[in-house]
Every structure is written in structure tokens, then in C-alpha cells.
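**Student:** I'd like to ask some things about the structure below.
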Amino acid sequence: IAIGSDEGTVTRHNTAFGDITRTVPSMMRAYCCECGASGEFVKVNNYKGWFDENEQTDALRRAIEAWNRRTRHE
């Protein structure tokens with residue numbers, strides 16, 4: 001099982017230097033490397049406008065929870 005992410009762009013307004021744009025993971029999902037099964041994408045809550053480890057860890061936890069809730073086909 002692996003975690004994949006979708007890179008998104010976050011712009012943070014900074015009056016001293018103008019707007020600053022960064023690319024950070026905006027969506028995450030867990031998936032199986034062997035069969036391709038995947039959980040649903042979960043949104044990374046980039047409240048601080050930058051890469052924040054707590055926000056990334058929270059999204060990782062929710063992606064794992066989504067994986068564990070997926071419908072399994074026999």
C-alpha cells in the first residue's frame with residue numbers, strides 16, 4: 001500500500017514581498033501497488049498556506065481511514 005498525492009498551488013499574500021506561490025500536496029489517497037485498488041482522495045487542509053507537517057499528517061491519517069473503509073470485491 002502506498003500514499004499518492006495531487007500537487008496543488010497555494011498562494012500566500014505577503015505585503016512585504018508580494019504574493020508568494022508554492023506547490024504543496026493538496027489531495028492524498030492510499031492505493032495498492034499490485035492491483036491498483038484505491039481509497040478516495042482526501043483534501044489536505046492547507047490552512048496556513050504553506051507545507052505544514054501537522055496538516056500533512058492529518059491528511060495521511062484520513063487517507064488511511066478512507067482506505068480502510070473502501071468496499072472490497074472478492
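Labeling convention for the C-alpha cells: chains A, B, ... as they appear, residues from 1 per chain, ligands from 1 in order of appearance.
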As JSON, numbers by chain, please: the residues near Ser5 of chain A (cut-off 9 Å, only C-alpha atoms, same-chain neighbours under 4 positions excluded).
**Tutor:** {"A": [25, 26, 27, 28, 29, 30, 41]}
**Student:** Quick one: write out the picked residues with C-alpha atoms as a PDB file, in the first residue's frame?
**Tutor:**
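To be explicit, this is the file written out as out.pdb:
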ATOM      1  CA  PRO A  25       0.195  18.330  -1.819  1.00  0.00           C
ATOM      2  CA  SER A  26      -3.488  19.269  -1.944  1.00  0.00           C
ATOM      3  CA  MET A  27      -5.083  15.803  -2.101  1.00  0.00           C
ATOM      4  CA  MET A  28      -3.946  12.367  -0.855  1.00  0.00           C
ATOM      5  CA  ARG A  29      -5.142   8.801  -1.279  1.00  0.00           C
ATOM      6  CA  ALA A  30      -3.955   5.332  -0.392  1.00  0.00           C
ATOM      7  CA  PHE A  41      -8.949  11.262  -2.292  1.00  0.00           C
TER       8      PHE A  41
END
**Student:** Suppose you want the space between atom CA of Glu65 of chain A and atom CA of Ile3 of chain A; what is it in Å?
**Tutor:**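 These two atoms are separated by 12.0 Å.
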**Student:** Considering only C-alpha atoms, state which residue in the set A:Ala59, A:Ile1, A:Ile64, A:Glu53 is at the smallest distance from Glu34 of chain A.
**Tutor:**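 Of A:Ala59, A:Ile1, A:Ile64, A:Glu53, the one nearest Glu34 of chain A is A:Ile1, counting only C-alpha atoms.
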**Student:** Rounded to one decimal in Å, what is the spacing between atom CA of Glu55 of chain A and atom CA of Ala37 of chain A?
**Tutor:**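 Pair atom CA of Glu55 of chain A / atom CA of Ala37 of chain A returns 24.9 Å.
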**Student:** What does the distance between atom CA of Ala66 of chain A and atom CA of Val42 of chain A come to in Å, to one decimal place?
**Tutor:**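 Separation between atom CA of Ala66 of chain A and atom CA of Val42 of chain A: 8.0 Å.
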